[in-house]
Every structure is written in C-alpha cells, then in structure tokens.
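> Take a look at this one; I'll ask things after.
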Amino acid sequence: MDFAYSDEQQAAIELARQILGDQCTPQKLRALEQAGGPRFDRALWKQLAEAGLVAAGVPEAQGGADLGFLVVAGIVEQVGRSAAPVPLLEATVLGALPVAQFGSAAQREKWLPRAARGEVILTAALVEPHREASDPGTRPAPGRPVRSAR
C-alpha cells in the first residue's frame, strides 16, 4: 500500500509551506506580537484563501478544492511549523469540515462558499463545564450561581 501524497496533494502542501515560509518570518511575527492587538494576520489569511488553501477541505460543489482531510492536515502542519497567526485549524478542522460532513444542505450552501473564500471563519462552539448544557445560549444573571450539567 502506498501512503505517499499524490502530486496534487503534495503541491498543495508545498504551496502552503512556501507562502508561510515567505510570510511568517521572525521579524513579522515579532512585530505582530509587539503590536498588542489580536494575533491574527489578515493579509496572510487573505493570501492563503486566494491560493485556495483555506478551501482545501471544502467540497467542490461549494467552491472548495475537495482535497480531503489528509491534505488539510498537511497544510495545518505547515501552519504549526511556521507559527502562523491564522486560524486555519479552527476554520477547517473545527469549522468547515464538520459543516461539510454533517451540516444540512442549506447550511453547506450558506456557509461553505464563504468559508472557502476566507470571508468567514467557522469554528466549533464548545459547551464549557460551568455552563448548563440544556440551554447554552443563555447566561446566568450576575451573582447567580451556575449549576453544573454533569
């Protein structure tokens, strides 16, 4: 069994490595950290979206490249290696892939094309341990104790 990436898969990962290597220099990362704002490089995010890397796991029917989870993982690995200040893991693995797999047709049509273009960042909404699982959309009144859902 051959576990090597196909030429198309390797090209996508190499493109990510090249863009991130060029854009995530220690000087740029240091400047972003010293700026004191959010650790998010919008210009880099736009460049990754324009290169089709944000759309790697999005189905073709919704404007993506439909390259699959292994390619997404390879691209996310490159983001991690470069310490890139972009939410690619959150937007792809926690956001777009679950919507593509489990979302309704209406949700896929509404969100995935925009996510593929990098216009929105989809991510998971996790239930926190101190929140009531039965009603995660409400917050307790100030001073009111929070019951555990356990």
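Chain labels A, B, ... are given in the sequence in which chains occur in the structure tokens; within each chain residues are numbered consecutively from 1, and ligands are likewise numbered from 1 in the order shown.
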Quick one: residues within 12 Å of Lys28 in chain A, only C-alpha atoms, excluding same-chain residues fewer than 3 positions away - as a list of chain:residue names?
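Counting only the stated atoms, we get A:Leu20, A:Gly21, A:Asp22, A:Gln23, A:Cys24, A:Thr25, A:Ala31, A:Leu32, A:Glu33, A:Gln34, A:Ala35, A:Arg39, A:Phe40, A:Asp41, A:Ala43, A:Leu44, A:Ser82, A:Ala83, A:Ala84, A:Pro85.
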> Excluding Gln78 in chain A and residues on its chain fewer than 2 positions from it, collect all residues at most 8 Å away from it, counting only C-alpha atoms, and give them as a PyMOL selection string.
chain A and resi 13+16-17+20+74-76+80-82
> DSSP on the backbone, then: every residue of range 1-149 of chain A marked alpha helix (DSSP H), written as a VMD selection string.
chain A and resid 7 to 23 26 to 35 42 to 50 69 to 82 88 to 91 97 to 102 105 to 116
> Taking into account only C-alpha atoms, which residue in the set A:Val72, A:Leu122, A:Leu29, A:Ala11 is nearest to Lys110 in chain A?
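Closest candidate: A:Leu122.
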> What does the structure give for the distance between CA of Ile121 in chain A and CA of Ala51 in chain A, in Å to one decimal?
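CA of Ala51 in chain A lies 16.4 Å from CA of Ile121 in chain A.
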> Pick out the residues sitting within 10 Å of Ala73 in chain A, and hand them over as number ranges by chain; count only C-alpha atoms, and ignore anything fewer than 3 positions along from it in its own chain.
A: 13, 56-57, 68-70, 76-79, 89, 92-93
> Save out the residues we just selected, C-alpha atoms, as an mmCIF file, in the first residue's frame.

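Ended up saving to part.cif:
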```
data_model
loop_
_atom_site.group_PDB
_atom_site.id
_atom_site.type_symbol
_atom_site.label_atom_id
_atom_site.label_comp_id
_atom_site.auth_asym_id
_atom_site.auth_seq_id
_atom_site.Cartn_x
_atom_site.Cartn_y
_atom_site.Cartn_z
ATOM 1 C CA ILE A 13 1.155 21.276 0.984
ATOM 2 C CA ALA A 56 -8.653 22.570 0.672
ATOM 3 C CA GLY A 57 -11.232 20.532 2.603
ATOM 4 C CA GLY A 68 -9.603 15.759 1.747
ATOM 5 C CA PHE A 69 -8.599 15.590 5.370
ATOM 6 C CA LEU A 70 -5.018 14.394 4.805
ATOM 7 C CA VAL A 76 -2.311 22.672 9.166
ATOM 8 C CA GLU A 77 1.067 21.070 9.920
ATOM 9 C CA GLN A 78 2.764 23.785 7.873
ATOM 10 C CA VAL A 79 0.825 26.465 9.773
ATOM 11 C CA LEU A 89 -7.050 24.638 12.262
ATOM 12 C CA THR A 92 -11.037 23.996 8.608
ATOM 13 C CA VAL A 93 -10.900 21.083 11.049
#
```
> Hey, which of A:Ala12, A:Leu126, A:Ala55, A:Ala105 ends up closest to Ala91 in chain A? Count only C-alpha atoms.
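When distances to Ala91 in chain A are compared using only C-alpha atoms, the smallest one comes from A:Ala55.
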> Separation of CA of Glu8 in chain A and CA of Ala61 in chain A, in Å?
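Going from CA of Glu8 in chain A over to CA of Ala61 in chain A covers 18.7 Å.
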> Taking only C-alpha atoms into account, name the residue in A:Ala49, A:Glu90, A:Leu97, A:Asp66 that is nearest to Arg114 in chain A.
A:Ala49
> In Å to one decimal, how far is CA of Ala106 in chain A from CA of Ala125 in chain A?
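Value for the CA of Ala125 in chain A-CA of Ala106 in chain A distance: 19.1 Å.
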